[in-house]
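Q: Below is the file protein.txt, with compact mmCIF, C-alpha atoms (C1' of nucleotides).
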# COMPACT_ATOMS: atom_id res chain seq x y z
CA MET A 1 13.51 -19.26 -11.81
CA ARG A 2 10.23 -18.49 -13.35
CA ILE A 3 10.30 -15.13 -11.73
CA MET A 4 13.22 -14.18 -13.84
CA GLU A 5 11.62 -15.38 -17.03
CA ALA A 6 8.73 -13.08 -16.49
CA GLU A 7 11.05 -10.27 -15.70
CA ALA A 8 13.14 -11.02 -18.73
CA ARG A 9 10.10 -11.00 -20.97
CA ARG A 10 8.97 -7.62 -19.86
CA PRO A 11 11.86 -5.92 -18.21
CA GLY A 12 10.33 -2.51 -17.71
CA ASP A 13 6.76 -3.61 -17.60
CA ILE A 14 6.12 -3.41 -13.91
CA ASN A 15 7.96 -0.13 -13.77
CA ASP A 16 5.63 1.47 -16.25
CA PRO A 17 3.05 3.53 -14.41
CA ASP A 18 0.51 2.42 -16.98
CA CYS A 19 1.24 -1.20 -16.25
CA PRO A 20 -1.79 -2.90 -14.73
CA THR A 21 0.47 -4.81 -12.41
CA ARG A 22 1.20 -1.56 -10.69
CA ARG A 23 -2.50 -1.14 -10.14
CA LEU A 24 -2.60 -4.51 -8.47
CA ILE A 25 0.03 -3.41 -6.03
CA ASP A 26 -2.00 -0.30 -5.35
CA ARG A 27 -4.98 -2.45 -4.56
CA VAL A 28 -3.12 -4.79 -2.29
CA GLY A 29 -1.49 -1.79 -0.71
CA ASP A 30 -4.60 -0.13 0.55
CA LYS A 31 -5.36 -0.63 4.16
CA TRP A 32 -8.47 -2.78 4.13
CA SER A 33 -8.73 -4.68 0.85
CA VAL A 34 -6.60 -7.60 1.91
CA LEU A 35 -8.44 -7.96 5.19
CA VAL A 36 -11.77 -7.94 3.40
CA ILE A 37 -10.65 -10.49 0.84
CA LEU A 38 -9.33 -12.86 3.45
CA ARG A 39 -12.54 -12.52 5.45
CA LEU A 40 -14.71 -13.20 2.43
CA PHE A 41 -12.57 -16.19 1.63
CA GLU A 42 -13.82 -17.79 4.80
CA ARG A 43 -17.44 -17.22 3.92
CA THR A 44 -20.01 -14.78 2.62
CA HIS A 45 -20.45 -11.77 4.87
CA ARG A 46 -23.03 -9.11 5.28
CA PHE A 47 -21.95 -5.49 5.55
CA SER A 48 -22.28 -5.36 9.30
CA GLU A 49 -20.56 -8.67 9.72
CA LEU A 50 -17.55 -7.35 7.89
CA ARG A 51 -17.55 -4.22 9.99
CA THR A 52 -17.57 -6.28 13.15
CA ALA A 53 -15.17 -8.95 11.95
CA ILE A 54 -12.54 -6.53 10.75
CA GLY A 55 -12.96 -3.90 13.37
CA GLY A 56 -11.78 -0.35 13.30
CA VAL A 57 -13.10 0.35 9.85
CA THR A 58 -15.73 3.04 9.40
CA PRO A 59 -18.76 2.41 7.18
CA LYS A 60 -17.61 4.99 4.69
CA VAL A 61 -14.22 3.40 4.22
CA LEU A 62 -15.62 -0.11 4.18
CA THR A 63 -18.11 0.91 1.50
CA HIS A 64 -15.31 2.47 -0.51
CA THR A 65 -13.20 -0.64 -0.19
CA LEU A 66 -16.03 -2.95 -1.17
CA ARG A 67 -16.94 -0.79 -4.16
CA ALA A 68 -13.37 -0.88 -5.38
CA LEU A 69 -13.18 -4.64 -5.00
CA GLU A 70 -16.52 -5.01 -6.72
CA ARG A 71 -15.39 -2.81 -9.56
CA ASP A 72 -12.30 -4.93 -9.98
CA GLY A 73 -14.43 -8.04 -10.23
CA LEU A 74 -13.02 -9.57 -7.07
CA VAL A 75 -16.18 -9.27 -5.00
CA GLU A 76 -19.84 -9.72 -5.75
CA ARG A 77 -22.53 -7.69 -4.08
CA HIS A 78 -25.92 -9.30 -3.66
CA VAL A 79 -28.83 -7.18 -2.57
CA TYR A 80 -31.93 -8.83 -1.22
CA ALA A 81 -34.88 -6.50 -1.40
CA GLU A 82 -36.28 -7.53 1.92
CA VAL A 83 -37.27 -5.97 5.15
CA PRO A 84 -35.00 -5.52 6.88
CA PRO A 85 -32.51 -4.88 4.07
CA ARG A 86 -29.88 -7.52 3.52
CA VAL A 87 -26.73 -7.24 1.45
CA GLU A 88 -24.22 -10.01 1.10
CA TYR A 89 -20.68 -9.84 -0.18
CA ARG A 90 -18.80 -12.82 -1.53
CA LEU A 91 -15.64 -13.47 -3.49
CA THR A 92 -15.92 -14.10 -7.18
CA GLY A 93 -13.86 -16.79 -8.87
CA LEU A 94 -11.36 -14.11 -9.68
CA GLY A 95 -11.39 -13.04 -6.07
CA HIS A 96 -10.70 -16.57 -4.95
CA SER A 97 -7.75 -16.82 -7.30
CA ILE A 98 -5.90 -14.01 -5.56
CA VAL A 99 -6.23 -15.52 -2.11
CA ALA A 100 -3.31 -17.90 -2.54
CA PRO A 101 -0.76 -15.21 -3.43
CA LEU A 102 -2.11 -13.04 -0.64
CA ALA A 103 -1.91 -15.86 1.84
CA ALA A 104 1.65 -16.57 0.73
CA LEU A 105 2.55 -13.02 1.58
CA ARG A 106 0.83 -13.26 4.92
CA ASP A 107 2.64 -16.50 5.64
CA TRP A 108 5.94 -14.84 4.83
CA ALA A 109 5.10 -12.10 7.28
CA GLU A 110 4.15 -14.48 10.03
CA GLU A 111 7.37 -16.36 9.58
CA HIS A 112 9.81 -13.52 9.08
CA ILE A 113 8.39 -10.52 10.87
CA PRO A 114 10.39 -11.29 14.01
CA GLN A 115 13.53 -10.79 11.97
CA VAL A 116 12.15 -7.56 10.59
CA VAL A 117 11.38 -6.33 14.08
CA GLN A 118 14.88 -7.22 15.21
CA ALA A 119 16.38 -5.47 12.22
CA ARG A 120 14.40 -2.36 13.03
CA GLU A 121 15.54 -2.31 16.62
CA ARG A 122 19.12 -2.77 15.54
CA TYR A 123 18.80 -0.04 12.95
CA ASP A 124 17.15 2.37 15.34
CA ALA A 125 19.71 1.70 18.02
CA ALA A 126 22.56 2.26 15.58
CA HIS A 127 21.11 5.47 14.20
CA ALA A 128 19.61 6.95 17.33
CA LYS A 129 22.47 9.19 18.42
CA GLY A 130 24.50 9.13 15.28
CA PRO A 131 26.18 6.37 13.30
CA GLU A 132 29.67 7.31 14.43
CA GLY A 133 32.06 4.43 14.84
CA GLU A 134 30.43 3.64 18.15
CA MET B 135 8.16 -9.35 21.28
CA ARG B 136 4.93 -10.40 22.81
CA ILE B 137 2.85 -9.27 19.93
CA MET B 138 4.80 -11.66 17.78
CA GLU B 139 4.04 -14.62 19.93
CA ALA B 140 0.37 -13.96 19.67
CA GLU B 141 0.63 -13.42 15.95
CA ALA B 142 2.63 -16.55 15.41
CA ARG B 143 -0.14 -18.60 16.91
CA ARG B 144 -3.08 -16.69 15.56
CA PRO B 145 -3.11 -15.86 11.90
CA GLY B 146 -6.45 -14.15 12.37
CA ASP B 147 -4.77 -11.45 14.34
CA ILE B 148 -4.04 -9.82 11.04
CA ASN B 149 -7.06 -7.74 11.88
CA ASP B 150 -5.40 -6.42 14.97
CA PRO B 151 -3.87 -3.02 14.23
CA ASP B 152 -0.96 -3.95 16.49
CA CYS B 153 -0.19 -6.99 14.40
CA PRO B 154 3.16 -6.73 12.60
CA THR B 155 1.67 -8.53 9.65
CA ARG B 156 -0.35 -5.45 9.06
CA ARG B 157 2.83 -3.46 8.89
CA LEU B 158 4.17 -5.87 6.32
CA ILE B 159 1.22 -5.12 4.14
CA ASP B 160 1.91 -1.46 4.63
CA ARG B 161 5.46 -2.01 3.47
CA VAL B 162 4.50 -3.99 0.43
CA GLY B 163 1.75 -1.51 -0.16
CA ASP B 164 3.90 1.52 -0.61
CA LYS B 165 4.48 2.66 -4.10
CA TRP B 166 8.11 1.80 -4.73
CA SER B 167 9.29 -0.90 -2.34
CA VAL B 168 8.20 -3.81 -4.46
CA LEU B 169 9.80 -2.36 -7.55
CA VAL B 170 13.05 -1.81 -5.70
CA ILE B 171 13.07 -5.32 -4.27
CA LEU B 172 12.44 -6.93 -7.62
CA ARG B 173 15.19 -4.84 -9.17
CA LEU B 174 17.67 -5.74 -6.48
CA PHE B 175 16.74 -9.36 -6.89
CA GLU B 176 18.25 -9.24 -10.35
CA ARG B 177 21.49 -7.81 -9.14
CA THR B 178 23.16 -5.23 -6.97
CA HIS B 179 22.37 -1.68 -7.98
CA ARG B 180 23.86 1.69 -7.32
CA PHE B 181 21.60 4.56 -6.34
CA SER B 182 21.57 6.10 -9.79
CA GLU B 183 21.03 2.76 -11.42
CA LEU B 184 17.90 2.25 -9.38
CA ARG B 185 16.68 5.70 -10.25
CA THR B 186 17.14 5.03 -13.94
CA ALA B 187 15.89 1.47 -13.88
CA ILE B 188 12.70 2.26 -12.03
CA GLY B 189 11.98 5.61 -13.52
CA GLY B 190 9.63 8.26 -12.23
CA VAL B 191 10.94 8.12 -8.70
CA THR B 192 12.51 11.21 -7.20
CA PRO B 193 15.74 10.94 -5.20
CA LYS B 194 13.98 11.92 -2.02
CA VAL B 195 11.43 9.19 -2.32
CA LEU B 196 13.93 6.60 -3.45
CA THR B 197 16.12 7.39 -0.48
CA HIS B 198 13.16 7.12 1.81
CA THR B 199 12.19 3.78 0.31
CA LEU B 200 15.70 2.39 0.56
CA ARG B 201 16.07 3.56 4.15
CA ALA B 202 12.85 1.85 5.09
CA LEU B 203 13.92 -1.37 3.40
CA GLU B 204 17.31 -1.16 5.05
CA ARG B 205 15.71 -0.58 8.43
CA ASP B 206 13.56 -3.64 7.90
CA GLY B 207 16.62 -5.74 7.15
CA LEU B 208 15.58 -6.44 3.59
CA VAL B 209 18.28 -4.39 1.91
CA GLU B 210 21.95 -3.78 2.64
CA ARG B 211 23.67 -0.51 1.92
CA HIS B 212 27.36 -0.61 1.09
CA VAL B 213 29.30 2.62 0.94
CA TYR B 214 32.64 2.69 -0.78
CA ALA B 215 34.65 5.70 0.29
CA GLU B 216 36.01 6.39 -3.11
CA VAL B 217 36.19 9.21 -5.57
CA PRO B 218 33.72 9.44 -7.09
CA PRO B 219 31.44 8.19 -4.33
CA ARG B 220 29.88 4.78 -4.82
CA VAL B 221 27.00 3.24 -2.91
CA GLU B 222 25.61 -0.16 -3.68
CA TYR B 223 22.34 -1.69 -2.58
CA ARG B 224 21.67 -5.38 -2.45
CA LEU B 225 19.08 -7.71 -1.01
CA THR B 226 19.83 -9.45 2.26
CA GLY B 227 18.91 -13.08 2.79
CA LEU B 228 15.70 -11.85 4.35
CA GLY B 229 15.14 -9.67 1.34
CA HIS B 230 15.57 -12.61 -0.97
CA SER B 231 13.05 -14.63 0.99
CA ILE B 232 10.24 -12.20 0.24
CA VAL B 233 10.83 -12.22 -3.49
CA ALA B 234 8.93 -15.44 -4.09
CA PRO B 235 5.67 -14.26 -2.46
CA LEU B 236 6.01 -10.93 -4.21
CA ALA B 237 6.64 -12.59 -7.53
CA ALA B 238 3.62 -14.82 -6.96
CA LEU B 239 1.51 -11.74 -6.59
CA ARG B 240 3.01 -10.18 -9.69
CA ASP B 241 2.38 -13.38 -11.61
CA TRP B 242 -1.22 -13.31 -10.49
CA ALA B 243 -1.48 -9.78 -11.78
CA GLU B 244 0.04 -10.55 -15.14
CA GLU B 245 -2.34 -13.44 -15.57
CA HIS B 246 -5.54 -11.91 -14.28
CA ILE B 247 -5.32 -8.19 -14.81
CA PRO B 248 -7.11 -8.42 -18.16
CA GLN B 249 -10.12 -9.76 -16.29
CA VAL B 250 -9.82 -6.96 -13.77
CA VAL B 251 -9.71 -4.40 -16.55
CA GLN B 252 -12.77 -5.94 -18.17
CA ALA B 253 -14.59 -5.96 -14.86
CA ARG B 254 -13.84 -2.29 -14.41
CA GLU B 255 -15.10 -1.38 -17.83
CA ARG B 256 -18.24 -3.36 -17.22
CA TYR B 257 -18.72 -1.76 -13.84
CA ASP B 258 -18.11 1.75 -15.11
CA ALA B 259 -20.44 1.25 -18.05
CA ALA B 260 -23.16 -0.08 -15.79
CA HIS B 261 -22.84 2.74 -13.29
CA ALA B 262 -22.15 5.64 -15.62
CA LYS B 263 -25.70 6.79 -16.28
CA GLY B 264 -27.41 4.97 -13.51
CA PRO B 265 -27.92 1.30 -12.74
CA GLU B 266 -31.52 1.13 -13.92
CA GLY B 267 -32.82 -2.31 -14.86
CA GLU B 268 -31.03 -2.45 -18.19
C1' DC C 269 27.62 10.59 -7.38
C1' DG C 270 24.51 10.26 -3.86
C1' DG C 271 22.05 12.20 -1.51
C1' DT C 272 19.23 16.55 1.69
C1' DA C 273 16.13 20.33 2.40
C1' DT C 274 11.75 22.66 1.35
C1' DC C 275 7.49 23.34 -0.16
C1' DC C 276 3.22 21.61 -1.83
C1' DC C 277 -0.64 18.90 -2.72
C1' DT C 278 -3.50 14.97 -3.29
C1' DC C 279 -5.39 10.95 -1.53
C1' DC C 280 -6.35 7.95 2.09
C1' DT C 281 -8.42 7.47 6.27
C1' DG C 282 -11.32 8.63 10.13
C1' DA C 283 -15.11 10.91 13.13
C1' DT C 284 -19.57 12.23 13.15
C1' DA C 285 -24.13 12.71 11.71
C1' DC C 286 -27.92 11.58 8.90
C1' DT C 287 -31.15 8.66 5.51
C1' DG C 288 -33.85 5.01 2.57
C1' DC D 289 -29.55 -2.75 8.17
C1' DA D 290 -26.81 -0.63 4.94
C1' DG D 291 -25.28 2.70 3.68
C1' DT D 292 -24.39 8.37 2.28
C1' DA D 293 -22.84 13.29 3.42
C1' DT D 294 -19.63 16.30 5.26
C1' DC D 295 -15.53 17.89 7.34
C1' DA D 296 -10.96 17.23 8.78
C1' DG D 297 -6.25 15.52 9.51
C1' DG D 298 -2.08 13.37 8.31
C1' DA D 299 0.97 10.60 5.63
C1' DG D 300 2.82 9.60 1.12
C1' DG D 301 4.47 11.17 -2.79
C1' DG D 302 6.34 14.70 -6.02
C1' DA D 303 8.96 19.17 -7.97
C1' DT D 304 12.71 21.77 -7.31
C1' DA D 305 16.99 23.36 -5.54
C1' DC D 306 21.10 22.71 -3.09
C1' DC D 307 25.22 20.24 -0.62
C1' DG D 308 29.45 16.91 0.72
Translate the structure described by the file into structure tokens.
A:
Amino acid sequence: MRIMEAEARRPGDINDPDCPTRRLIDRVGDKWSVLVILRLFERTHRFSELRTAIGGVTPKVLTHTLRALERDGLVERHVYAEVPPRVEYRLTGLGHSIVAPLAALRDWAEEHIPQVVQARERYDAAHAKGPEGE
Amino acid sequence: MRIMEAEARRPGDINDPDCPTRRLIDRVGDKWSVLVILRLFERTHRFSELRTAIGGVTPKVLTHTLRALERDGLVERHVYAEVPPRVEYRLTGLGHSIVAPLAALRDWAEEHIPQVVQARERYDAAHAKGPEGE
DNA sequence: CGGTATCCCTCCTGATACTG
DNA sequence: CAGTATCAGGAGGGATACCG
């Protein structure tokens, strides 16, 4: 498997805190980035459109998320000096390139989450009042 | 679970906080889970082996991570009542199934992180002393 | 060996209010 | 409209010490 080749090439790479790959995981791990990316993959959005589309995200956090994505070169911010103000966000080429891996992960979730939920219920049931030889 | 039915039919529900897919992202998003999974994909590991292999993780956190993965049905814990004690962790079938998506993401990172790093430097340079018109 | 128990602390996240 | 400012809360993660 190709996976193993990569791992074999750099065995400790991903485990190194300095490893950029770790940073990627951090990025994917934050609460809103993935949602924003997948939204922007559909089409360009304005700030308010993202707020509405995603829902539950405060302007402060959305701004923070967008800034981080912009800094990473995944998102472009276009400001139109008009009245009223208009700002559009869109994925860069780099941003588009990460959609497939992200979607793969989402697809995995959609397919296997039922098993995860079952496993959790089983685990919780088994550990609720003590894992004695029930 | 009813939430799952809805999710299975509506990928867009990833924006719903109740959506299990969101929880998957949370899982992948935590700091050590991915590293543990990729390690266990290579082979079965004992607790200490994981600690050493990953590096920088405290026993408390590693335990927490492993418990979470076990609860989710991604990892199996095998205790051998011997002297000295021996505990082995291995991926379940479910655990194996998530390796490919995870590896895809890691591959993306290894390929594109240089561009991300460049983008960051560019961004930081442009915003360091103010984004005046050049 | 394979964990637990405690304390601590930072960062993420959110609510609310205000501005160019 | 598109943010910024401020305050607050909680979870995740870590250092250290101890136990079966």
Q: Which neighbours of region 171-183 of chain B fall inside 9 Å, counting all atoms listed in the file, when residues of the same chain fewer than 5 positions from it are skipped, and could you give them as a PyMOL selection string?
A: (chain A and resi 4+7) or (chain B and resi 166+188+193+196-197+203+208-209+220-225+229-230+232-233+236-237) or (chain C and resi 269-270)
Q: Write out as a ChimeraX atom specification each polymer residue whose atoms come within 9 Å of Thr192 (chain B), counting only C-alpha atoms (C1' of nucleotides); drop sequence neighbours fewer than 6 positions from it.
A: /B:185 /D:302-303
Q: Mind running chain B against chain D at 9 Å and telling me each contacting residue's nearest atom pair with the distance in Å (one decimal), counting all atoms listed in the file, chain and number ascending, as JSON lines?
A:
{"residue": "B:Asp164", "atom": "CA", "partner": "D:DG300", "partner_atom": "C1'", "distance": 8.3}
{"residue": "B:Lys165", "atom": "CA", "partner": "D:DG301", "partner_atom": "C1'", "distance": 8.6}
{"residue": "B:Val191", "atom": "CA", "partner": "D:DG302", "partner_atom": "C1'", "distance": 8.5}
{"residue": "B:Thr192", "atom": "CA", "partner": "D:DG302", "partner_atom": "C1'", "distance": 7.2}
{"residue": "B:Val195", "atom": "CA", "partner": "D:DG301", "partner_atom": "C1'", "distance": 7.3}
Q: State the Cα RMSD (Å, one decimal) obtained when chain B is least-squares superposed onto chain A, all Cα atoms paired in order.
A: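 Result of the CA superposition: 4.2 Å.
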Q: What are the residues of chain B lining chain A at 6 Å or less? Count all atoms listed in the file, and put the answer as a ChimeraX atom specification.
A: /B:142,149,155,163,188,205-207,235,238-239,243,250,253-254,257
Q: Ranking A:Val83, A:Ala125, A:Thr92, A:Leu66 by minimum distance to chain C and counting all atoms listed in the file, which one comes first?
A: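 Once distances to chain C are computed over all atoms listed in the file, the minimum belongs to A:Val83.
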Q: Please, which residues of chain C lie no more than 12 Å from chain A when the count uses only C-alpha atoms (C1' of nucleotides), and can they be set out as a PyMOL selection string?
A: chain C and resi 279-284+288
Q: Could you work out how far CA of Ala215 (chain B) lies from C1' of DA273 (chain C), giving the answer in Å with one decimal?
A: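 Taking C1' of DA273 (chain C) as the start and CA of Ala215 (chain B) as the end point, the length is 23.7 Å.
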Q: Could you jot down the C1' of DA285 (chain C) to CA of Ala262 (chain B) separation for me, Å, one decimal place?
A: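 Between these atoms lies a distance of 28.3 Å.
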Q: What does the distance from CA of Pro85 (chain A) to C1' of DT287 (chain C) come to in Å, to one decimal?
A: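 These two atoms are separated by 13.7 Å.
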Q: Could region 38-72 of chain A be completed with N, CA and C atoms and written as a PDB file, in the coordinates of the input, please?
A:
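Saved the output as part-v9.pdb:
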ATOM      1  N   LEU A  38      -9.579 -11.678   2.637  1.00  0.00           N
ATOM      2  CA  LEU A  38      -9.330 -12.860   3.450  1.00  0.00           C
ATOM      3  C   LEU A  38     -10.548 -13.240   4.285  1.00  0.00           C
ATOM      4  N   ARG A  39     -11.293 -12.238   4.712  1.00  0.00           N
ATOM      5  CA  ARG A  39     -12.540 -12.520   5.450  1.00  0.00           C
ATOM      6  C   ARG A  39     -13.554 -13.201   4.544  1.00  0.00           C
ATOM      7  N   LEU A  40     -13.706 -12.656   3.351  1.00  0.00           N
ATOM      8  CA  LEU A  40     -14.710 -13.200   2.430  1.00  0.00           C
ATOM      9  C   LEU A  40     -14.296 -14.567   1.905  1.00  0.00           C
ATOM     10  N   PHE A  41     -13.024 -14.869   2.037  1.00  0.00           N
ATOM     11  CA  PHE A  41     -12.570 -16.190   1.630  1.00  0.00           C
ATOM     12  C   PHE A  41     -13.116 -17.249   2.577  1.00  0.00           C
ATOM     13  N   GLU A  42     -13.252 -16.870   3.818  1.00  0.00           N
ATOM     14  CA  GLU A  42     -13.820 -17.790   4.800  1.00  0.00           C
ATOM     15  C   GLU A  42     -15.275 -18.111   4.467  1.00  0.00           C
ATOM     16  N   ARG A  43     -16.028 -17.038   4.238  1.00  0.00           N
ATOM     17  CA  ARG A  43     -17.440 -17.220   3.920  1.00  0.00           C
ATOM     18  C   ARG A  43     -18.037 -15.886   3.484  1.00  0.00           C
ATOM     19  N   THR A  44     -19.246 -15.973   2.969  1.00  0.00           N
ATOM     20  CA  THR A  44     -20.010 -14.780   2.620  1.00  0.00           C
ATOM     21  C   THR A  44     -20.274 -13.953   3.877  1.00  0.00           C
ATOM     22  N   HIS A  45     -20.179 -12.653   3.743  1.00  0.00           N
ATOM     23  CA  HIS A  45     -20.450 -11.770   4.870  1.00  0.00           C
ATOM     24  C   HIS A  45     -21.456 -10.698   4.493  1.00  0.00           C
ATOM     25  N   ARG A  46     -22.194 -10.288   5.458  1.00  0.00           N
ATOM     26  CA  ARG A  46     -23.030  -9.110   5.280  1.00  0.00           C
ATOM     27  C   ARG A  46     -22.189  -7.894   5.662  1.00  0.00           C
ATOM     28  N   PHE A  47     -22.704  -6.718   5.298  1.00  0.00           N
ATOM     29  CA  PHE A  47     -21.950  -5.490   5.550  1.00  0.00           C
ATOM     30  C   PHE A  47     -21.566  -5.352   7.021  1.00  0.00           C
ATOM     31  N   SER A  48     -22.542  -5.514   7.858  1.00  0.00           N
ATOM     32  CA  SER A  48     -22.280  -5.360   9.300  1.00  0.00           C
ATOM     33  C   SER A  48     -21.342  -6.420   9.826  1.00  0.00           C
ATOM     34  N   GLU A  49     -21.453  -7.598   9.275  1.00  0.00           N
ATOM     35  CA  GLU A  49     -20.560  -8.670   9.720  1.00  0.00           C
ATOM     36  C   GLU A  49     -19.110  -8.332   9.405  1.00  0.00           C
ATOM     37  N   LEU A  50     -18.902  -7.762   8.237  1.00  0.00           N
ATOM     38  CA  LEU A  50     -17.550  -7.350   7.890  1.00  0.00           C
ATOM     39  C   LEU A  50     -17.049  -6.264   8.832  1.00  0.00           C
ATOM     40  N   ARG A  51     -17.917  -5.308   9.083  1.00  0.00           N
ATOM     41  CA  ARG A  51     -17.550  -4.220   9.990  1.00  0.00           C
ATOM     42  C   ARG A  51     -17.082  -4.788  11.325  1.00  0.00           C
ATOM     43  N   THR A  52     -17.883  -5.687  11.849  1.00  0.00           N
ATOM     44  CA  THR A  52     -17.570  -6.280  13.150  1.00  0.00           C
ATOM     45  C   THR A  52     -16.321  -7.149  13.082  1.00  0.00           C
ATOM     46  N   ALA A  53     -16.268  -7.993  12.048  1.00  0.00           N
ATOM     47  CA  ALA A  53     -15.170  -8.950  11.950  1.00  0.00           C
ATOM     48  C   ALA A  53     -13.831  -8.243  11.807  1.00  0.00           C
ATOM     49  N   ILE A  54     -13.795  -7.218  11.001  1.00  0.00           N
ATOM     50  CA  ILE A  54     -12.540  -6.530  10.750  1.00  0.00           C
ATOM     51  C   ILE A  54     -12.208  -5.568  11.872  1.00  0.00           C
ATOM     52  N   GLY A  55     -13.162  -4.783  12.235  1.00  0.00           N
ATOM     53  CA  GLY A  55     -12.960  -3.900  13.370  1.00  0.00           C
ATOM     54  C   GLY A  55     -12.105  -2.700  13.058  1.00  0.00           C
ATOM     55  N   GLY A  56     -12.563  -1.549  13.496  1.00  0.00           N
ATOM     56  CA  GLY A  56     -11.780  -0.350  13.300  1.00  0.00           C
ATOM     57  C   GLY A  56     -12.027   0.335  11.976  1.00  0.00           C
ATOM     58  N   VAL A  57     -12.819  -0.267  11.148  1.00  0.00           N
ATOM     59  CA  VAL A  57     -13.100   0.350   9.850  1.00  0.00           C
ATOM     60  C   VAL A  57     -14.462   1.066   9.901  1.00  0.00           C
ATOM     61  N   THR A  58     -14.483   2.275   9.407  1.00  0.00           N
ATOM     62  CA  THR A  58     -15.730   3.040   9.400  1.00  0.00           C
ATOM     63  C   THR A  58     -16.562   2.615   8.195  1.00  0.00           C
ATOM     64  N   PRO A  59     -17.883   2.815   8.283  1.00  0.00           N
ATOM     65  CA  PRO A  59     -18.760   2.410   7.180  1.00  0.00           C
ATOM     66  C   PRO A  59     -18.363   3.068   5.858  1.00  0.00           C
ATOM     67  N   LYS A  60     -17.971   4.304   5.922  1.00  0.00           N
ATOM     68  CA  LYS A  60     -17.610   4.990   4.690  1.00  0.00           C
ATOM     69  C   LYS A  60     -16.448   4.310   3.997  1.00  0.00           C
ATOM     70  N   VAL A  61     -15.427   4.017   4.773  1.00  0.00           N
ATOM     71  CA  VAL A  61     -14.220   3.400   4.220  1.00  0.00           C
ATOM     72  C   VAL A  61     -14.499   1.969   3.775  1.00  0.00           C
ATOM     73  N   LEU A  62     -15.292   1.264   4.563  1.00  0.00           N
ATOM     74  CA  LEU A  62     -15.620  -0.110   4.180  1.00  0.00           C
ATOM     75  C   LEU A  62     -16.407  -0.118   2.870  1.00  0.00           C
ATOM     76  N   THR A  63     -17.348   0.789   2.746  1.00  0.00           N
ATOM     77  CA  THR A  63     -18.110   0.910   1.500  1.00  0.00           C
ATOM     78  C   THR A  63     -17.165   1.182   0.336  1.00  0.00           C
ATOM     79  N   HIS A  64     -16.278   2.109   0.542  1.00  0.00           N
ATOM     80  CA  HIS A  64     -15.310   2.470  -0.510  1.00  0.00           C
ATOM     81  C   HIS A  64     -14.471   1.261  -0.916  1.00  0.00           C
ATOM     82  N   THR A  65     -14.020   0.540   0.075  1.00  0.00           N
ATOM     83  CA  THR A  65     -13.200  -0.640  -0.190  1.00  0.00           C
ATOM     84  C   THR A  65     -13.974  -1.692  -0.968  1.00  0.00           C
ATOM     85  N   LEU A  66     -15.201  -1.946  -0.513  1.00  0.00           N
ATOM     86  CA  LEU A  66     -16.030  -2.950  -1.170  1.00  0.00           C
ATOM     87  C   LEU A  66     -16.377  -2.548  -2.602  1.00  0.00           C
ATOM     88  N   ARG A  67     -16.632  -1.267  -2.804  1.00  0.00           N
ATOM     89  CA  ARG A  67     -16.940  -0.790  -4.160  1.00  0.00           C
ATOM     90  C   ARG A  67     -15.750  -1.010  -5.078  1.00  0.00           C
ATOM     91  N   ALA A  68     -14.580  -0.718  -4.575  1.00  0.00           N
ATOM     92  CA  ALA A  68     -13.370  -0.880  -5.380  1.00  0.00           C
ATOM     93  C   ALA A  68     -13.160  -2.347  -5.741  1.00  0.00           C
ATOM     94  N   LEU A  69     -13.355  -3.211  -4.765  1.00  0.00           N
ATOM     95  CA  LEU A  69     -13.180  -4.640  -5.000  1.00  0.00           C
ATOM     96  C   LEU A  69     -14.248  -5.162  -5.962  1.00  0.00           C
ATOM     97  N   GLU A  70     -15.442  -4.604  -5.828  1.00  0.00           N
ATOM     98  CA  GLU A  70     -16.520  -5.010  -6.720  1.00  0.00           C
ATOM     99  C   GLU A  70     -16.216  -4.549  -8.144  1.00  0.00           C
ATOM    100  N   ARG A  71     -15.729  -3.345  -8.245  1.00  0.00           N
ATOM    101  CA  ARG A  71     -15.390  -2.810  -9.560  1.00  0.00           C
ATOM    102  C   ARG A  71     -14.307  -3.641 -10.236  1.00  0.00           C
ATOM    103  N   ASP A  72     -13.400  -4.130  -9.434  1.00  0.00           N
ATOM    104  CA  ASP A  72     -12.300  -4.930  -9.980  1.00  0.00           C
ATOM    105  C   ASP A  72     -12.714  -6.379 -10.262  1.00  0.00           C
TER     106      ASP A  72
END
